[in-house]
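*Asks:* Would you mind keeping the following structure in view while I ask a few things?
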Amino acid sequence: MAIFVTEKTRIVVQGITGSFGARHTQLSIDYGSQVVAGVTPGKGGQVFEHNGVKVPIFDTVADAVKQTGAQVSAVFVPPPFAGDAILEGVDAGLDLVVAITEGIPVRDMVRVKRAMAGRTTRLIGPNCPGVVTPGTGKNSHGGCRIGIAPGYIHRKGNVGIVSRSGTLTYEAVFQITSRGYGQSTCVGIGGDPVNGTSHVDVIKAFNADPETEAIIMIGEIGGTAEVEAARWIKANCKKPVAGFIAGATAPAGRRMGHAGAIVGGAEDTAAAKIAAFQDAGIEVAATPSDMAEALLRIWKR
Amino acid sequence: MNIHEYQAKALFEKFGVPCPKGVAVQTGDAFASALESIKPPCVVKSQIHAGGRGKGTFTDGFKGGVKLAKTREEAIDYARRMLGNTLVTKQTGPAGRKVQTIYFSEGCDIQKEYYLAILLDRASSRPVIIASTEGGVDIEEVAEKTPEKIAKVFVDPAVGLQPYQARQVAFSLGFGGDLFKQALKLLDSLYRMFWELDCAMVEVNPLITTTDGKLLALDAKVSFDDNALFRHPEIVALRDLNEEDPKEIEASKFSLSYIALDGNIACLVNGAGLAMSTMDIIKHYGGEPANFLDVGGGASKDQVEAAFKIILTDPNVKGILVNIFGGIMDCNVIATGVVAAARQLGLSIPLVVRLEGNNVEAGKKTLGESGLKLQSADSMADAAQKIVKLVA
């Protein structure tokens with residue numbers, strides 16, 4: 001099962017002809033993911049070719065959906081145009097839009113989020129590493145890789161991972177894989193203050209997914225999304241959850257790389273979030289090196 | 001990005017938010033002419049980005065970065081003592097900030113002080129207006145002790161601030177009659193500015209009523225969304241590099257995200273989350289991080305070199321921890337960059353490198369054969385323990 005995407009998911013890449021989008025489209029094709037279309041306005045009719053795979057390029061997402069049956073998009077469009085690209089994907093009726101773009105103005109995302117109210121499309125990101133559902137082949141080949149994560153570090157398995165940060169997600173994935181376990185799906189929800197899918201949305205999906213047996217939730221300073229997720233877990237989650245919060249040493253009022261990683265009020269601190277995790281029965285990793293071990297301490301296999 | 005009070009007030013004026021008349025000057029010989037248009041009694045205000053100016057102390061012992069001057073002579077005396085002097089407030093840290101601009105502001109007879117701010121509410125993904133009858137004080141404290149004295153109004157971005165919402169805010173502050181009308185106009189103007197200029201926050205603390213029945217923004221604190229600056233060149237022009245750490249400015253030229261901290265173990269990491277947790281794990285094992293440094297997802301050799309240079313300009317740094325999870329990027333490229341930078345800079349302090357990911361074996365080989373005095377680590381915990389021990 002996995003969540004949000006499977007090895008059969010048909011992907012359209014928005015911004016496929018830009019260098020960043022093109023590079024990661026190639027890596028997704030190499031991973032065995034079903035990249036069925038690209039969109040670059042004005043380049044409709046051209047073909048994106050990689051290792052014998054031919055991906056048709058369309059002018060609009062609506063055309064791509066109509067012609068190829070694409071269900072999910074990866075957005076690699078530059079920041080000034082990314083909000084527009086997300087809404088184009090929503091308007092074309094996609095199930096899921098994964099926005100990789102870093103640096104989208106907050107005001108644009110506030111408008112995008114408002115415009116998406118009542119629509120069925122899910123948004124993951126922006127400023128996120130994307131989603132990976134590992135495949136069954138060598139180095140998890142044949143899975144669905146949407147975004148910029150390294151596919152080969154994954155392994156098909158039963159741990160669901162959700163995080164705001166890219167490299168910290170890879171760290172957790174790598175720890176799980178090196179201990180001989182694997183992942184159902186890994187979701188990077190992004191480091192921006194206004195994003196689509198939240199921690200709790202992903203946790204709910206993992207809780208409902210029969211393939212996911214245990215969960216790692218990685219959070220950081222800023223906002224209160226991790227606290228909300230912890231409350232939901234305490235009341236509803238049937239599966240073991242391990243957690244880590246980055247930024248215990250971050251000074252208040254300074255933005256730590258991610259636009260969203262800034263301590264504003266008392267609830268935004270790492271200490272407050274760790275306390276909420278403990279209260280919810282989440283096994284807290286004391287250090288980022290301890291994420292897999294923390295899960296293995298409570299996951300009765 | 002932050003701006004000075006005098007710059008914020010110029011924007012207020014442009015958008016129709018009333019504030020006391022003021023003049024900003026950068027040199028001592030302009031004091032006299034400024035005081036021709038701003039007649040004392042007036043307020044002499046040091047312009048630095050940090051808050052708490054009024055209660056701050058200059059490094060030469062002079063107290064107060066904001067002073068009420070009754071006469072022209074007094075105003076000039078205060079301004080002379082402030083300009084070029086270094087002001088320490090609870091927000092500047094012990095080093096303080098050098099005052100390079102003085103703002104002379106018309107004196108007002110204050111009847112009552114209020115608090116007003118507009119910022120993003122993350123939970124609802126909407127702008128929120130925060131207003132309180134408790135102005136001129138620390139709003140965090142008001143929120144903690146008397147939350148009922150704070151009104152919050154959430155604005156739907158699809159339609160903007162509605163008149164009924166402005167009325168809600170004005171009623172919550174207890175305004176009636178002409179002040180009520182002035183409040184509605186001020187709120188509309190302030191929200192328009194917040195939205196149109198991509199502000200991260202506008203804060204008016206205090207907002208005041210005067211004895212002659214006027215509503216004025218006595219102070220102004222405005223910051224902008226860095227991601228939106230590309231569409232506001234007029235705002236970028238207001239950036240004051242004197243207010244920023246030179247190391248952070250240098251880092252931004254190489255697309256590095258760097259923030260100086262107080263410790264002695266420098267770190268160089270790819271990815272913001274990993275960089276933050278590298279700081280955390282150093283602290284966990286008893287060390288103190290000297291900085292946050294994110295070289296980004298696709299770090300190049302040049303960026304690694306630039307990062308090393310910036311790290312080493314901090315005299316407190318006694319050791320360096322490099323932590324790279326090379327998912328897509330080649331670990332050997334990073335290793336080559338580390339070796340080149342260490343050689344070029346004649347690195348003499350301990351260096352621990354933890355590499356993981358793509359082509360990691362080649363990367364470790366490059367490090368091992370470099371002849372440099374560095375230690376390799378297998379995990380973040382191993383790396384942190386090693387560097388903490390080396391600088392102890």
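Following the order of the structure tokens, chains are lettered A, B, ..., residues in each are numbered from 1, and ligands are numbered from 1.
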Applying 9 Å and only C-alpha atoms, which residues near A:Phe277 remain after dropping the ones on its own chain fewer than 4 positions away? List them as a PyMOL selection string.
*Replies:* chain A and resi 226-227+229-231+234+242-244+272-273+281-284
*Asks:* Include N, CA and C atoms and write out the residues we just selected as a PDB file, in the first residue's frame.
*Replies:*
ATOM      1  N   GLU A 226       4.267  20.202  15.316  1.00  0.00           N
ATOM      2  CA  GLU A 226       4.688  18.941  15.942  1.00  0.00           C
ATOM      3  C   GLU A 226       3.893  18.682  17.220  1.00  0.00           C
ATOM      4  N   VAL A 227       3.551  19.768  17.924  1.00  0.00           N
ATOM      5  CA  VAL A 227       2.777  19.627  19.158  1.00  0.00           C
ATOM      6  C   VAL A 227       1.375  19.114  18.829  1.00  0.00           C
ATOM      7  N   ALA A 229       0.559  17.335  16.231  1.00  0.00           N
ATOM      8  CA  ALA A 229       0.705  15.937  15.824  1.00  0.00           C
ATOM      9  C   ALA A 229       0.833  15.043  17.054  1.00  0.00           C
ATOM     10  N   ALA A 230       1.591  15.501  18.034  1.00  0.00           N
ATOM     11  CA  ALA A 230       1.776  14.707  19.252  1.00  0.00           C
ATOM     12  C   ALA A 230       0.447  14.501  19.973  1.00  0.00           C
ATOM     13  N   ARG A 231      -0.371  15.561  20.030  1.00  0.00           N
ATOM     14  CA  ARG A 231      -1.687  15.439  20.671  1.00  0.00           C
ATOM     15  C   ARG A 231      -2.548  14.407  19.956  1.00  0.00           C
ATOM     16  N   LYS A 234      -1.320  10.906  20.730  1.00  0.00           N
ATOM     17  CA  LYS A 234      -1.692  10.477  22.081  1.00  0.00           C
ATOM     18  C   LYS A 234      -3.123   9.928  22.090  1.00  0.00           C
ATOM     19  N   ALA A 242       8.621   7.020  17.081  1.00  0.00           N
ATOM     20  CA  ALA A 242       9.827   7.615  17.642  1.00  0.00           C
ATOM     21  C   ALA A 242       9.952   9.013  17.067  1.00  0.00           C
ATOM     22  N   GLY A 243      10.530   9.932  17.834  1.00  0.00           N
ATOM     23  CA  GLY A 243      10.598  11.310  17.362  1.00  0.00           C
ATOM     24  C   GLY A 243      11.920  11.977  17.673  1.00  0.00           C
ATOM     25  N   PHE A 244      12.231  12.981  16.861  1.00  0.00           N
ATOM     26  CA  PHE A 244      13.402  13.812  17.129  1.00  0.00           C
ATOM     27  C   PHE A 244      13.048  15.254  16.780  1.00  0.00           C
ATOM     28  N   ALA A 272       9.743  22.555  24.393  1.00  0.00           N
ATOM     29  CA  ALA A 272       8.286  22.421  24.466  1.00  0.00           C
ATOM     30  C   ALA A 272       7.806  21.263  23.592  1.00  0.00           C
ATOM     31  N   LYS A 273       8.436  21.128  22.423  1.00  0.00           N
ATOM     32  CA  LYS A 273       8.029  20.060  21.504  1.00  0.00           C
ATOM     33  C   LYS A 273       8.440  18.687  22.039  1.00  0.00           C
ATOM     34  N   GLY A 281       3.744   9.761  24.612  1.00  0.00           N
ATOM     35  CA  GLY A 281       4.289   8.403  24.559  1.00  0.00           C
ATOM     36  C   GLY A 281       5.195   8.160  23.373  1.00  0.00           C
ATOM     37  N   ILE A 282       5.660   9.232  22.744  1.00  0.00           N
ATOM     38  CA  ILE A 282       6.600   9.097  21.623  1.00  0.00           C
ATOM     39  C   ILE A 282       7.998   8.874  22.195  1.00  0.00           C
ATOM     40  N   GLU A 283       8.714   7.895  21.647  1.00  0.00           N
ATOM     41  CA  GLU A 283      10.068   7.608  22.118  1.00  0.00           C
ATOM     42  C   GLU A 283      11.011   8.654  21.514  1.00  0.00           C
ATOM     43  N   VAL A 284      11.565   9.501  22.367  1.00  0.00           N
ATOM     44  CA  VAL A 284      12.365  10.617  21.863  1.00  0.00           C
ATOM     45  C   VAL A 284      13.827  10.206  21.668  1.00  0.00           C
TER      46      VAL A 284
END
*Asks:* Neighbouring residues of A:Cys144 were defined as those with any atom within 9 Å, considering only C-alpha atoms; residues of the same chain fewer than 5 positions away were excluded. Please report them as a list in words.
*Replies:* Val5, Thr6, Glu7, Lys8, Thr9, Ile11, Ser28, Tyr31, Gly32, Ser33, Gln34, Val131, Val132, Thr133, Pro134, Gly135 and Gly151 of chain A
*Asks:* Would you tabulate, counting only C-alpha atoms, all residues of chain B that have an atom at most 9 Å from an atom of chain A, showing the closest pair of atoms and their distance in Å to one decimal, sorted by chain then ascending number, as JSON lines?
*Replies:*
{"residue": "B:Leu120", "atom": "CA", "partner": "A:Val106", "partner_atom": "CA", "distance": 8.7}
{"residue": "B:Arg122", "atom": "CA", "partner": "A:Pro193", "partner_atom": "CA", "distance": 6.1}
{"residue": "B:Ala123", "atom": "CA", "partner": "A:Thr224", "partner_atom": "CA", "distance": 7.4}
{"residue": "B:Ser124", "atom": "CA", "partner": "A:Val194", "partner_atom": "CA", "distance": 8.9}
{"residue": "B:Ser125", "atom": "CA", "partner": "A:Val110", "partner_atom": "CA", "distance": 5.8}
{"residue": "B:Arg126", "atom": "CA", "partner": "A:Val110", "partner_atom": "CA", "distance": 6.3}
{"residue": "B:Pro127", "atom": "CA", "partner": "A:Val110", "partner_atom": "CA", "distance": 8.5}
{"residue": "B:Glu140", "atom": "CA", "partner": "A:Gly265", "partner_atom": "CA", "distance": 7.9}
{"residue": "B:Asp156", "atom": "CA", "partner": "A:Arg114", "partner_atom": "CA", "distance": 8.0}
{"residue": "B:Pro157", "atom": "CA", "partner": "A:Arg111", "partner_atom": "CA", "distance": 6.1}
{"residue": "B:Ala158", "atom": "CA", "partner": "A:Arg114", "partner_atom": "CA", "distance": 6.8}
{"residue": "B:Trp195", "atom": "CA", "partner": "A:Arg107", "partner_atom": "CA", "distance": 7.5}
{"residue": "B:Asp198", "atom": "CA", "partner": "A:Arg107", "partner_atom": "CA", "distance": 6.4}
{"residue": "B:Cys199", "atom": "CA", "partner": "A:Arg107", "partner_atom": "CA", "distance": 8.8}
{"residue": "B:Ala200", "atom": "CA", "partner": "A:Val106", "partner_atom": "CA", "distance": 8.3}
{"residue": "B:Asp225", "atom": "CA", "partner": "A:Pro105", "partner_atom": "CA", "distance": 6.8}
{"residue": "B:Asp226", "atom": "CA", "partner": "A:Pro105", "partner_atom": "CA", "distance": 7.8}
{"residue": "B:Asn227", "atom": "CA", "partner": "A:Pro105", "partner_atom": "CA", "distance": 4.8}
{"residue": "B:Ala228", "atom": "CA", "partner": "A:Pro105", "partner_atom": "CA", "distance": 4.8}
{"residue": "B:Leu229", "atom": "CA", "partner": "A:Pro105", "partner_atom": "CA", "distance": 8.5}
{"residue": "B:Phe230", "atom": "CA", "partner": "A:Pro80", "partner_atom": "CA", "distance": 8.4}
{"residue": "B:Arg231", "atom": "CA", "partner": "A:Pro80", "partner_atom": "CA", "distance": 8.7}
{"residue": "B:Ser257", "atom": "CA", "partner": "A:Gly257", "partner_atom": "CA", "distance": 5.9}
{"residue": "B:Tyr258", "atom": "CA", "partner": "A:Gly257", "partner_atom": "CA", "distance": 8.0}
{"residue": "B:Ile259", "atom": "CA", "partner": "A:Met256", "partner_atom": "CA", "distance": 7.8}
{"residue": "B:Leu261", "atom": "CA", "partner": "A:Pro251", "partner_atom": "CA", "distance": 8.2}
{"residue": "B:Asn270", "atom": "CA", "partner": "A:Thr167", "partner_atom": "CA", "distance": 7.1}
{"residue": "B:Gly271", "atom": "CA", "partner": "A:Thr167", "partner_atom": "CA", "distance": 5.6}
{"residue": "B:Ala272", "atom": "CA", "partner": "A:Gly257", "partner_atom": "CA", "distance": 5.1}
{"residue": "B:Gly273", "atom": "CA", "partner": "A:Ser165", "partner_atom": "CA", "distance": 5.0}
{"residue": "B:Leu274", "atom": "CA", "partner": "A:Leu168", "partner_atom": "CA", "distance": 5.0}
{"residue": "B:Ala275", "atom": "CA", "partner": "A:Gly257", "partner_atom": "CA", "distance": 8.7}
{"residue": "B:Met276", "atom": "CA", "partner": "A:Gly247", "partner_atom": "CA", "distance": 5.1}
{"residue": "B:Ser277", "atom": "CA", "partner": "A:Ala246", "partner_atom": "CA", "distance": 4.9}
{"residue": "B:Thr278", "atom": "CA", "partner": "A:Pro288", "partner_atom": "CA", "distance": 8.0}
{"residue": "B:Met279", "atom": "CA", "partner": "A:Thr249", "partner_atom": "CA", "distance": 6.5}
{"residue": "B:Asp280", "atom": "CA", "partner": "A:Thr249", "partner_atom": "CA", "distance": 5.5}
{"residue": "B:Ile281", "atom": "CA", "partner": "A:Thr287", "partner_atom": "CA", "distance": 5.8}
{"residue": "B:Lys283", "atom": "CA", "partner": "A:Thr249", "partner_atom": "CA", "distance": 7.4}
{"residue": "B:His284", "atom": "CA", "partner": "A:Thr287", "partner_atom": "CA", "distance": 7.4}
{"residue": "B:Pro289", "atom": "CA", "partner": "A:Thr249", "partner_atom": "CA", "distance": 8.4}
{"residue": "B:Phe292", "atom": "CA", "partner": "A:Met256", "partner_atom": "CA", "distance": 7.4}
{"residue": "B:Leu293", "atom": "CA", "partner": "A:Gly257", "partner_atom": "CA", "distance": 8.3}
{"residue": "B:Asp294", "atom": "CA", "partner": "A:Gly257", "partner_atom": "CA", "distance": 6.9}
{"residue": "B:Gly297", "atom": "CA", "partner": "A:Thr167", "partner_atom": "CA", "distance": 8.1}
{"residue": "B:Ile324", "atom": "CA", "partner": "A:Thr167", "partner_atom": "CA", "distance": 8.7}
{"residue": "B:Phe325", "atom": "CA", "partner": "A:Thr167", "partner_atom": "CA", "distance": 6.4}
{"residue": "B:Gly326", "atom": "CA", "partner": "A:Thr167", "partner_atom": "CA", "distance": 8.4}
{"residue": "B:Gly327", "atom": "CA", "partner": "A:Pro150", "partner_atom": "CA", "distance": 4.9}
{"residue": "B:Ile328", "atom": "CA", "partner": "A:Pro150", "partner_atom": "CA", "distance": 5.5}
{"residue": "B:Glu356", "atom": "CA", "partner": "A:Glu171", "partner_atom": "CA", "distance": 8.9}
{"residue": "B:Gly357", "atom": "CA", "partner": "A:Ile153", "partner_atom": "CA", "distance": 7.9}
{"residue": "B:Asn358", "atom": "CA", "partner": "A:Pro150", "partner_atom": "CA", "distance": 8.5}
{"residue": "B:Ser379", "atom": "CA", "partner": "A:Ser289", "partner_atom": "CA", "distance": 6.9}
{"residue": "B:Met380", "atom": "CA", "partner": "A:Ser289", "partner_atom": "CA", "distance": 5.8}
{"residue": "B:Ala381", "atom": "CA", "partner": "A:Ser289", "partner_atom": "CA", "distance": 5.8}
{"residue": "B:Asp382", "atom": "CA", "partner": "A:Ser289", "partner_atom": "CA", "distance": 8.9}
*Asks:* Within 9 Å of B:Leu215, counting only C-alpha atoms, which residues show up once you throw out same-chain ones fewer than 4 positions away? Write them as a list in words, please.
*Replies:*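 After dropping sequence-adjacent residues, the list is Pro18, Cys19, Leu179, Gln182, Ala183, Leu186, Leu207, Ile208, Thr209 and Thr210 of chain B.
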*Asks:* Of the candidates B:Phe154, B:Tyr285, B:Phe58, B:Phe15, which one gets nearest to B:Ile118 if we count only C-alpha atoms?
*Replies:*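 Nearest candidate to B:Ile118 out of B:Phe154, B:Tyr285, B:Phe58, B:Phe15: B:Phe154.
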*Asks:* List the spatial neighbours of A:Glu49 as a PyMOL selection string - criterion: any atom at most 12 Å away, only C-alpha atoms, same-chain residues fewer than 3 positions off excluded.
*Replies:* chain A and resi 16-17+22-23+25-26+29-30+35-38+46+52-57
*Asks:* Could you give me the residues within stretch 127-369 of chain B that DSSP places in strand (DSSP E), as a PyMOL selection string?
*Replies:* chain B and resi 127-132+150-154+199-210+215-217+221-224+257-260+265-269+291-294+319-326+351-357
*Asks:* Can you list, as a ChimeraX atom specification, every protein, DNA or RNA residue that comes within 10 Å of A:Val173 when you count only C-alpha atoms, leaving out same-chain residues fewer than 5 positions away?
*Replies:* /A:153-155,159-161,167-168,178,181-183,186,216,291-292
*Asks:* Using N, CA and C atoms, can you write the selected residues to a file as an mmCIF file, in the first residue's frame?
*Replies:*
data_model
loop_
_atom_site.group_PDB
_atom_site.id
_atom_site.type_symbol
_atom_site.label_atom_id
_atom_site.label_comp_id
_atom_site.auth_asym_id
_atom_site.auth_seq_id
_atom_site.Cartn_x
_atom_site.Cartn_y
_atom_site.Cartn_z
ATOM 1 N N ILE A 153 19.321 4.889 -0.973
ATOM 2 C CA ILE A 153 19.498 4.640 0.469
ATOM 3 C C ILE A 153 18.271 3.973 1.085
ATOM 4 N N HIS A 154 17.179 3.880 0.318
ATOM 5 C CA HIS A 154 15.946 3.314 0.856
ATOM 6 C C HIS A 154 15.935 1.789 0.739
ATOM 7 N N ARG A 155 14.949 1.198 1.392
ATOM 8 C CA ARG A 155 14.731 -0.234 1.303
ATOM 9 C C ARG A 155 13.260 -0.447 1.595
ATOM 10 N N VAL A 159 8.531 1.014 7.948
ATOM 11 C CA VAL A 159 8.655 2.217 8.768
ATOM 12 C C VAL A 159 8.243 3.436 7.939
ATOM 13 N N GLY A 160 7.320 4.214 8.457
ATOM 14 C CA GLY A 160 6.929 5.468 7.815
ATOM 15 C C GLY A 160 7.749 6.594 8.417
ATOM 16 N N ILE A 161 8.275 7.483 7.569
ATOM 17 C CA ILE A 161 9.094 8.588 8.075
ATOM 18 C C ILE A 161 8.522 9.914 7.585
ATOM 19 N N THR A 167 18.020 16.500 4.490
ATOM 20 C CA THR A 167 19.156 15.663 4.881
ATOM 21 C C THR A 167 18.910 14.932 6.197
ATOM 22 N N LEU A 168 18.093 15.510 7.074
ATOM 23 C CA LEU A 168 17.783 14.821 8.327
ATOM 24 C C LEU A 168 16.879 13.607 8.051
ATOM 25 N N SER A 178 20.359 0.696 7.221
ATOM 26 C CA SER A 178 21.593 0.003 7.640
ATOM 27 C C SER A 178 21.358 -1.001 8.754
ATOM 28 N N TYR A 181 16.213 -2.839 8.227
ATOM 29 C CA TYR A 181 14.772 -2.613 8.084
ATOM 30 C C TYR A 181 14.527 -1.732 6.872
ATOM 31 N N GLY A 182 13.272 -1.411 6.620
ATOM 32 C CA GLY A 182 12.985 -0.596 5.451
ATOM 33 C C GLY A 182 11.838 0.365 5.698
ATOM 34 N N GLN A 183 11.486 1.125 4.652
ATOM 35 C CA GLN A 183 10.476 2.172 4.779
ATOM 36 C C GLN A 183 9.238 1.852 3.932
ATOM 37 N N CYS A 186 8.430 7.666 2.724
ATOM 38 C CA CYS A 186 9.095 8.765 3.418
ATOM 39 C C CYS A 186 8.581 10.076 2.849
ATOM 40 N N ILE A 216 8.578 7.186 12.314
ATOM 41 C CA ILE A 216 9.550 8.156 12.839
ATOM 42 C C ILE A 216 9.072 9.550 12.431
ATOM 43 N N MET A 291 17.987 8.028 16.080
ATOM 44 C CA MET A 291 16.605 7.956 15.603
ATOM 45 C C MET A 291 16.134 6.523 15.376
ATOM 46 N N ALA A 292 16.928 5.721 14.655
ATOM 47 C CA ALA A 292 16.521 4.339 14.396
ATOM 48 C C ALA A 292 16.507 3.531 15.684
#
*Asks:* Counting only C-alpha atoms, which residue out of A:Val39, A:Val47, A:Asp209, A:Ala252 sits closest to B:Gln91?
*Replies:* A:Ala252
*Asks:* Write out as a list in words which residues come within 8 Å of stretch 95-99 of chain B when counting only C-alpha atoms, dropping same-chain ones fewer than 5 positions away.
*Replies:*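 Using only C-alpha atoms, the neighbours found are Ser46, Gln47, Ile48, Thr59, Met82, Leu83, Gly84, Asn85, Thr86, Leu87, Val88, Thr89 and Glu243 of chain B.
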*Asks:* Which is closer to A:Cys128 than all the others in A:Gly93, A:Val61, A:Thr197, A:Glu211, using only C-alpha atoms?
*Replies:*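 Of the candidates, the smallest distance to A:Cys128 is held by A:Thr197.
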*Asks:* In Å, rounded to a single decimal, give me how far atom CA of B:Pro315 is from atom CA of B:His49.
*Replies:*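 Answer for the atom CA of B:His49 to atom CA of B:Pro315 separation: 25.1 Å.
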*Asks:* Could you give me the residues within stretch 9-209 of chain B that DSSP places in helix (DSSP H, G or I), as JSON, numbers by chain?
*Replies:* {"B": [9, 10, 11, 12, 13, 14, 15, 28, 29, 30, 31, 32, 33, 34, 35, 36, 37, 72, 73, 74, 75, 76, 77, 78, 79, 80, 81, 82, 139, 140, 141, 142, 143, 144, 145, 147, 148, 149, 163, 164, 165, 166, 167, 168, 169, 170, 171, 172, 177, 178, 179, 180, 181, 182, 183, 184, 185, 186, 187, 188, 189, 190, 191, 192, 193, 194, 195, 196]}
*Asks:* Tell me, as a list in words, which residues lie within 10 Å of stretch 146-148 of chain B, counting only C-alpha atoms; anything in the same chain fewer than 6 positions away does not count.
*Replies:* Ser132, Glu134, Ile139 and Glu140 of chain B
*Asks:* One decimal, Å: what's the distance from atom CA of B:Gly135 over to atom CA of B:Pro206, could you say?
*Replies:* 5.1 Å
*Asks:* Atom CA of A:Phe4 and atom CA of A:Lys43 are how many Å apart?
*Replies:*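 Answer for the atom CA of A:Phe4 to atom CA of A:Lys43 separation: 29.2 Å.
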